[in-house]
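Asker: What follows is a structure written as structure tokens; I'll ask about it next.
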Amino acid sequence: MIPRHERKSRRTRRTSGHRFVDAVPADDAIPAVDEGPAAAAPPALPEPVVALPSPPSSDPAKETVKTMSLSTMIQAVQATLRDEMERNPAVVVMGEDIAKNGGVFRATEGLADRFGETRVIDTPLNESGIIGTAIGMAMNGLRPVAEIQFADFVYPAFDQIVSELAKMRYRSGAEFTCPVVVRMPYGGGIRGGGYHSQSPEAYFVHTAGLHVYVPATPTDARGLLRAAIRGQDPVIFMEPKKLYRTTKEEVTDDPDFTVEPGVARIARSGEHVLLVAWGAMVQICTEAAELAAKDGISCEVLDLRTLVPMDVAAILASARKCGRVVVVHEAPKTCGVGAEIVALIAEQAIECLEAPVLRVTGFDVPFPYALEHVYMPTPERVLAAVEKVFRF
């Protein structure tokens, strides 16, 4: 072992928003272990690729032409996985039925033919084993993207995520990082019933050490997934499966396009009522805002994009601007992420409020199959809350 006094000093941790973000010592090495002459050499791992900015080209004909393609969210996810695997041989994908079948939603279709079974790995039905294996891969230089078929199936892996994945950098004094991306389709809207429709984001937001990304558009799915794969933090990447094939837009083909985590997006500008949402609920809020506009109520829709890190500054700025706030999510109401947002506004912007902050959410019951349309927030339910705070 390298003597303790000869090890390089570690950078200290710093904070960003309400979550710790560790400074990554790029030039530190993991201490070597002398296993004796009889120890077999471990198999070589692919060297991670570090993206460096390209120097400007003096020949316009040689410059890369950035194009746009019409894409659904599932196509954006698939294209990003393919691009990042081509760019960096350390990126591997793993999960149940993702190789031959391309996954339940076909997010990984064609990747096995392109990259082979050593980088596109079909796993047993063992979520704890999937995440545990991904942690070991990440600690040894790989960048695994693990797919959980449905967010509802993640609970057997909860101990690996909360006790190991989230804490590895902290416990090792930043000697190890765990750049694992855990992809999971979440939410209702496809009549999946109680075991294929849940929204468990609050569990992961509550766990220090994890990033939580929830895209609402194909563009954000592409930019956030690429940022997650290239980052140093473990990321819970929650994909609203209701939007997989129901949203389509022009998405950039720029191989280096990313969306910065922690920066919210104003999906619709307004001045009377602020609607805060993420994932599939952004579309619901936009539809509610269009209904409210017919009654002369101007709504601003704020898409958080990432729940950790959370863009607190954007929330407070829009709350102070509008003076009335409604938070919308499809997870149960009690102790949902909406409660944290309400608390933030009450603590830091209460003097600007014209009405109590309301929440429109799922109910505190198991997700129902037959009554899915009643359980999930609708534009009409959001509109009722908008009218209540506007007329308070």
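Convention: chains lettered A, B, ... in structure tokens order; per-chain residue numbering from 1; ligands numbered from 1 as shown.
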If we count only C-alpha atoms, what is near Asp253 in chain A at a cut-off of 8 Å, once residues fewer than 4 positions away on the same chain are taken out, given as a PyMOL selection string?
Answerer: chain A and resi 66-69+257
Asker: Would you write out those residues with N, CA and C atoms, as a PDB file, in the first residue's frame?
Answerer:
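New file part_21.pdb:
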ATOM      1  N   LYS A  66     -24.355  21.094 -37.770  1.00  0.00           N
ATOM      2  CA  LYS A  66     -25.303  20.659 -36.759  1.00  0.00           C
ATOM      3  C   LYS A  66     -26.687  20.623 -37.391  1.00  0.00           C
ATOM      4  N   THR A  67     -27.336  19.466 -37.344  1.00  0.00           N
ATOM      5  CA  THR A  67     -28.645  19.289 -37.951  1.00  0.00           C
ATOM      6  C   THR A  67     -29.686  19.013 -36.878  1.00  0.00           C
ATOM      7  N   MET A  68     -30.945  19.020 -37.298  1.00  0.00           N
ATOM      8  CA  MET A  68     -32.067  18.714 -36.413  1.00  0.00           C
ATOM      9  C   MET A  68     -32.827  17.528 -36.993  1.00  0.00           C
ATOM     10  N   SER A  69     -33.377  16.700 -36.114  1.00  0.00           N
ATOM     11  CA  SER A  69     -34.172  15.562 -36.549  1.00  0.00           C
ATOM     12  C   SER A  69     -35.451  15.508 -35.739  1.00  0.00           C
ATOM     13  N   PHE A 257     -24.316  18.083 -27.470  1.00  0.00           N
ATOM     14  CA  PHE A 257     -25.393  18.858 -26.853  1.00  0.00           C
ATOM     15  C   PHE A 257     -25.758  18.261 -25.503  1.00  0.00           C
TER      16      PHE A 257
END
Asker: Can you pull out the residues contacting Ile131 in chain A? Cut-off 10 Å, using only C-alpha atoms, and skip same-chain residues under 3 positions away; I want them as a PyMOL selection string.
Answerer: chain A and resi 94-95+126-128+134-137+144-148+154+156-161+164-165+180-182
Asker: For the selection you just gave me, I'd like the residues written to a file as a PDB file, in the first residue's frame, keeping N, CA and C atoms.
Answerer:
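New file again01.pdb:
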ATOM      1  N   MET A  94     -26.964  -2.199 -19.434  1.00  0.00           N
ATOM      2  CA  MET A  94     -27.318  -3.491 -18.845  1.00  0.00           C
ATOM      3  C   MET A  94     -28.736  -3.429 -18.300  1.00  0.00           C
ATOM      4  N   GLY A  95     -29.399  -4.588 -18.307  1.00  0.00           N
ATOM      5  CA  GLY A  95     -30.755  -4.655 -17.793  1.00  0.00           C
ATOM      6  C   GLY A  95     -31.466  -5.889 -18.303  1.00  0.00           C
ATOM      7  N   ASN A 126     -33.090  -9.529 -11.532  1.00  0.00           N
ATOM      8  CA  ASN A 126     -32.504  -9.311 -10.204  1.00  0.00           C
ATOM      9  C   ASN A 126     -32.033  -7.858 -10.126  1.00  0.00           C
ATOM     10  N   GLU A 127     -32.938  -6.963  -9.733  1.00  0.00           N
ATOM     11  CA  GLU A 127     -32.609  -5.542  -9.723  1.00  0.00           C
ATOM     12  C   GLU A 127     -31.476  -5.222  -8.760  1.00  0.00           C
ATOM     13  N   SER A 128     -31.440  -5.885  -7.629  1.00  0.00           N
ATOM     14  CA  SER A 128     -30.344  -5.665  -6.689  1.00  0.00           C
ATOM     15  C   SER A 128     -29.010  -6.065  -7.316  1.00  0.00           C
ATOM     16  N   ALA A 134     -23.399  -2.833 -11.430  1.00  0.00           N
ATOM     17  CA  ALA A 134     -23.086  -1.534 -12.015  1.00  0.00           C
ATOM     18  C   ALA A 134     -22.161  -0.722 -11.111  1.00  0.00           C
ATOM     19  N   ILE A 135     -22.361  -0.813  -9.807  1.00  0.00           N
ATOM     20  CA  ILE A 135     -21.482  -0.107  -8.862  1.00  0.00           C
ATOM     21  C   ILE A 135     -20.046  -0.608  -8.998  1.00  0.00           C
ATOM     22  N   GLY A 136     -19.875  -1.928  -9.039  1.00  0.00           N
ATOM     23  CA  GLY A 136     -18.535  -2.484  -9.197  1.00  0.00           C
ATOM     24  C   GLY A 136     -17.893  -2.079 -10.507  1.00  0.00           C
ATOM     25  N   MET A 137     -18.668  -2.063 -11.575  1.00  0.00           N
ATOM     26  CA  MET A 137     -18.146  -1.619 -12.872  1.00  0.00           C
ATOM     27  C   MET A 137     -17.669  -0.171 -12.806  1.00  0.00           C
ATOM     28  N   PRO A 144     -21.490   2.470 -16.498  1.00  0.00           N
ATOM     29  CA  PRO A 144     -22.678   1.665 -16.792  1.00  0.00           C
ATOM     30  C   PRO A 144     -23.963   2.485 -16.780  1.00  0.00           C
ATOM     31  N   VAL A 145     -24.841   2.154 -17.721  1.00  0.00           N
ATOM     32  CA  VAL A 145     -26.198   2.692 -17.742  1.00  0.00           C
ATOM     33  C   VAL A 145     -27.113   1.498 -17.496  1.00  0.00           C
ATOM     34  N   ALA A 146     -27.681   1.445 -16.311  1.00  0.00           N
ATOM     35  CA  ALA A 146     -28.507   0.308 -15.910  1.00  0.00           C
ATOM     36  C   ALA A 146     -29.972   0.649 -16.120  1.00  0.00           C
ATOM     37  N   GLU A 147     -30.688  -0.238 -16.785  1.00  0.00           N
ATOM     38  CA  GLU A 147     -32.123  -0.027 -17.002  1.00  0.00           C
ATOM     39  C   GLU A 147     -32.925  -0.865 -16.021  1.00  0.00           C
ATOM     40  N   ILE A 148     -33.848  -0.203 -15.320  1.00  0.00           N
ATOM     41  CA  ILE A 148     -34.871  -0.889 -14.535  1.00  0.00           C
ATOM     42  C   ILE A 148     -36.135  -0.851 -15.381  1.00  0.00           C
ATOM     43  N   VAL A 154     -37.874  -1.054  -8.868  1.00  0.00           N
ATOM     44  CA  VAL A 154     -36.581  -0.637  -8.334  1.00  0.00           C
ATOM     45  C   VAL A 154     -36.417  -0.981  -6.857  1.00  0.00           C
ATOM     46  N   PRO A 156     -36.401  -3.706  -4.942  1.00  0.00           N
ATOM     47  CA  PRO A 156     -35.408  -4.702  -4.513  1.00  0.00           C
ATOM     48  C   PRO A 156     -33.970  -4.190  -4.573  1.00  0.00           C
ATOM     49  N   ALA A 157     -33.717  -3.145  -5.383  1.00  0.00           N
ATOM     50  CA  ALA A 157     -32.372  -2.571  -5.494  1.00  0.00           C
ATOM     51  C   ALA A 157     -32.169  -1.371  -4.579  1.00  0.00           C
ATOM     52  N   PHE A 158     -33.153  -1.091  -3.741  1.00  0.00           N
ATOM     53  CA  PHE A 158     -33.112   0.127  -2.941  1.00  0.00           C
ATOM     54  C   PHE A 158     -31.901   0.173  -2.014  1.00  0.00           C
ATOM     55  N   ASP A 159     -31.566  -0.943  -1.412  1.00  0.00           N
ATOM     56  CA  ASP A 159     -30.419  -0.956  -0.493  1.00  0.00           C
ATOM     57  C   ASP A 159     -29.123  -0.656  -1.243  1.00  0.00           C
ATOM     58  N   GLN A 160     -28.951  -1.234  -2.425  1.00  0.00           N
ATOM     59  CA  GLN A 160     -27.745  -0.970  -3.208  1.00  0.00           C
ATOM     60  C   GLN A 160     -27.663   0.506  -3.612  1.00  0.00           C
ATOM     61  N   ILE A 161     -28.806   1.088  -3.966  1.00  0.00           N
ATOM     62  CA  ILE A 161     -28.816   2.489  -4.407  1.00  0.00           C
ATOM     63  C   ILE A 161     -28.564   3.430  -3.235  1.00  0.00           C
ATOM     64  N   GLU A 164     -25.116   2.105  -0.925  1.00  0.00           N
ATOM     65  CA  GLU A 164     -23.822   1.960  -1.583  1.00  0.00           C
ATOM     66  C   GLU A 164     -23.614   3.008  -2.683  1.00  0.00           C
ATOM     67  N   LEU A 165     -24.482   3.015  -3.669  1.00  0.00           N
ATOM     68  CA  LEU A 165     -24.304   3.910  -4.816  1.00  0.00           C
ATOM     69  C   LEU A 165     -24.253   5.375  -4.392  1.00  0.00           C
ATOM     70  N   VAL A 180     -22.794   5.971 -12.272  1.00  0.00           N
ATOM     71  CA  VAL A 180     -23.813   5.035 -12.744  1.00  0.00           C
ATOM     72  C   VAL A 180     -25.075   5.822 -13.084  1.00  0.00           C
ATOM     73  N   VAL A 181     -25.668   5.541 -14.226  1.00  0.00           N
ATOM     74  CA  VAL A 181     -26.969   6.104 -14.585  1.00  0.00           C
ATOM     75  C   VAL A 181     -27.995   4.986 -14.482  1.00  0.00           C
ATOM     76  N   VAL A 182     -29.021   5.205 -13.672  1.00  0.00           N
ATOM     77  CA  VAL A 182     -30.095   4.231 -13.520  1.00  0.00           C
ATOM     78  C   VAL A 182     -31.326   4.767 -14.240  1.00  0.00           C
TER      79      VAL A 182
END
Asker: Which residues are close to Thr286 in chain A, i.e. within 9 Å by only C-alpha atoms, leaving aside same-chain residues fewer than 4 positions away? Reply as a list in words.
Answerer: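 Near neighbours after the sequence-gap exclusion: Ala267, Arg268, Leu275, Met281, Val282, Glu290, Leu291, Cys299, Glu300, Val301 and Pro379 of chain A.
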Asker: Just the alpha helix (DSSP H) stuff from range 25-255 of chain A, please, per backbone DSSP, written as a PyMOL selection string.
Answerer: chain A and resi 73-87+111-115+127-139+158-159+168-171+201-205+218-230
Asker: Next, the residues of the selection above should be written as a compact mmCIF listing (two decimals), in the first residue's frame with C-alpha atoms.
Answerer:
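The resulting file, result.txt, is reproduced below:
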# COMPACT_ATOMS: atom_id res chain seq x y z
CA MET A 73 -38.66 10.83 -26.46
CA ILE A 74 -37.87 7.11 -26.80
CA GLN A 75 -35.96 7.81 -30.02
CA ALA A 76 -34.00 10.55 -28.27
CA VAL A 77 -33.03 8.16 -25.47
CA GLN A 78 -31.99 5.46 -27.92
CA ALA A 79 -29.95 7.86 -30.07
CA THR A 80 -28.15 9.27 -27.03
CA LEU A 81 -27.20 5.82 -25.75
CA ARG A 82 -25.86 4.92 -29.19
CA ASP A 83 -23.90 8.16 -29.54
CA GLU A 84 -22.32 7.90 -26.09
CA MET A 85 -21.37 4.24 -26.61
CA GLU A 86 -19.68 5.17 -29.88
CA ARG A 87 -17.88 8.08 -28.26
CA LEU A 111 -27.52 -1.66 -29.67
CA ALA A 112 -26.55 -5.31 -29.16
CA ASP A 113 -26.05 -5.81 -32.89
CA ARG A 114 -23.91 -2.71 -33.05
CA PHE A 115 -21.77 -3.05 -29.92
CA GLU A 127 -32.61 -5.54 -9.72
CA SER A 128 -30.34 -5.67 -6.69
CA GLY A 129 -27.79 -7.61 -8.72
CA ILE A 130 -28.07 -5.17 -11.64
CA ILE A 131 -27.28 -2.14 -9.48
CA GLY A 132 -24.64 -3.94 -7.41
CA THR A 133 -22.85 -5.04 -10.57
CA ALA A 134 -23.09 -1.53 -12.02
CA ILE A 135 -21.48 -0.11 -8.86
CA GLY A 136 -18.53 -2.48 -9.20
CA MET A 137 -18.15 -1.62 -12.87
CA ALA A 138 -18.17 2.11 -12.15
CA MET A 139 -15.55 1.79 -9.40
CA PHE A 158 -33.11 0.13 -2.94
CA ASP A 159 -30.42 -0.96 -0.49
CA MET A 168 -19.52 5.55 -2.26
CA ARG A 169 -17.71 8.82 -2.98
CA TYR A 170 -18.34 10.17 0.53
CA ARG A 171 -17.33 6.94 2.27
CA GLU A 201 -38.98 10.24 -7.15
CA ALA A 202 -39.36 11.43 -3.54
CA TYR A 203 -37.41 8.44 -2.20
CA PHE A 204 -34.38 9.35 -4.28
CA VAL A 205 -34.62 13.12 -3.79
CA PRO A 218 -37.33 14.75 -26.31
CA THR A 219 -34.75 17.55 -26.36
CA ASP A 220 -34.29 17.45 -22.60
CA ALA A 221 -34.21 13.65 -22.62
CA ARG A 222 -31.28 13.82 -25.04
CA GLY A 223 -29.43 16.63 -23.29
CA LEU A 224 -29.95 15.42 -19.73
CA LEU A 225 -29.12 11.77 -20.48
CA ARG A 226 -25.87 12.79 -22.16
CA ALA A 227 -25.01 15.02 -19.18
CA ALA A 228 -25.78 12.13 -16.81
CA ILE A 229 -23.57 9.65 -18.67
CA ARG A 230 -20.65 12.08 -18.84
Asker: From the options A:Val263, A:Ala208, A:Leu358, A:Ile98, which residue's atoms come nearest to Gly110 in chain A, counting only C-alpha atoms?
Answerer: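 Nearest candidate to Gly110 in chain A out of A:Val263, A:Ala208, A:Leu358, A:Ile98: A:Ile98.
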Asker: Within 8 Å of Val308 in chain A, counting only C-alpha atoms, which residues qualify if same-chain residues fewer than 5 places away don't, as a list in words?
Answerer: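 Listing them by chain and then by number gives Arg19, Val205, Leu210, His211, Val212, Tyr213 and Gly262 of chain A.
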Asker: How would the residues just picked look written out with N, CA and C atoms as a compact mmCIF listing (two decimals), in the first residue's frame?
Answerer:
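This is the output file again12.txt:
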# COMPACT_ATOMS: atom_id res chain seq x y z
N ARG A 19 -27.91 20.44 -1.94
CA ARG A 19 -27.33 19.12 -2.07
C ARG A 19 -25.82 19.25 -2.16
N VAL A 205 -34.92 11.72 -4.12
CA VAL A 205 -34.62 13.12 -3.79
C VAL A 205 -34.19 13.23 -2.34
N LEU A 210 -27.36 11.37 -4.54
CA LEU A 210 -27.95 11.03 -5.84
C LEU A 210 -28.38 12.28 -6.57
N HIS A 211 -28.24 12.27 -7.89
CA HIS A 211 -28.89 13.26 -8.74
C HIS A 211 -30.16 12.62 -9.29
N VAL A 212 -31.19 13.44 -9.49
CA VAL A 212 -32.47 12.94 -10.01
C VAL A 212 -32.90 13.83 -11.17
N TYR A 213 -32.96 13.25 -12.38
CA TYR A 213 -33.32 13.98 -13.59
C TYR A 213 -34.65 13.44 -14.11
N GLY A 262 -29.85 21.24 -12.96
CA GLY A 262 -30.07 22.31 -12.01
C GLY A 262 -30.53 23.61 -12.62
Asker: Which residue, A:Arg143, A:Arg191, A:His272, A:Arg106, has the smallest gap to Val92 in chain A when you use only C-alpha atoms?
Answerer: A:Arg143
Asker: Looking at only C-alpha atoms, which of A:Thr246, A:Thr123, A:Thr72, A:Ser318 is the one that sits closest to Val276 in chain A?
Answerer: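 Among the listed residues, A:Ser318 lies closest to Val276 in chain A.
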Asker: Just want the 10 Å neighbourhood of Leu274 in chain A, counted on only C-alpha atoms, with same-chain residues fewer than 3 positions away dropped. Output as a PyMOL selection string.
Answerer: chain A and resi 268-271+277+285+289+298-302+315+318-327+357+386
Asker: Nearest residue to Pro124 in chain A out of A:Arg359, A:Thr108, A:Pro332, A:Asp97, using only C-alpha atoms?
Answerer: A:Asp97
Asker: What's the separation between CA of Ala280 in chain A and CA of Lys242 in chain A, in Å to one decimal place?
Answerer: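 For CA of Ala280 in chain A relative to CA of Lys242 in chain A, the distance reads 6.9 Å.
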Asker: Can you work out which one of A:Val235, A:Val312, A:Ala90, A:Val273 has the shortest atom-to-atom distance to Glu347 in chain A, counting only C-alpha atoms?
Answerer: A:Val312
Asker: Pick the closest to Arg305 in chain A from A:Ile345, A:Leu371, A:Val214, A:Ile266: which is it, counting only C-alpha atoms?
Answerer: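 Of all the options, A:Val214 lies closest to Arg305 in chain A.
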Asker: Select from range 182-235 of chain A everything DSSP, run on the backbone, classes as strand (DSSP E or B), then give the selection as a PyMOL selection string.
Answerer: chain A and resi 182-186+211-213+235
Asker: The selected residues should be written to file as a PDB file, in the first residue's frame (atoms: C-alpha atoms).
Answerer:
ATOM      1  CA  VAL A 182     -30.095   4.231 -13.520  1.00  0.00           C
ATOM      2  CA  ARG A 183     -32.774   4.625 -16.192  1.00  0.00           C
ATOM      3  CA  MET A 184     -36.348   3.879 -15.223  1.00  0.00           C
ATOM      4  CA  PRO A 185     -39.696   4.491 -16.964  1.00  0.00           C
ATOM      5  CA  TYR A 186     -42.082   5.943 -14.387  1.00  0.00           C
ATOM      6  CA  HIS A 211     -28.885  13.258  -8.740  1.00  0.00           C
ATOM      7  CA  VAL A 212     -32.466  12.936 -10.006  1.00  0.00           C
ATOM      8  CA  TYR A 213     -33.317  13.981 -13.587  1.00  0.00           C
ATOM      9  CA  VAL A 235     -28.020   9.687 -11.517  1.00  0.00           C
TER      10      VAL A 235
END
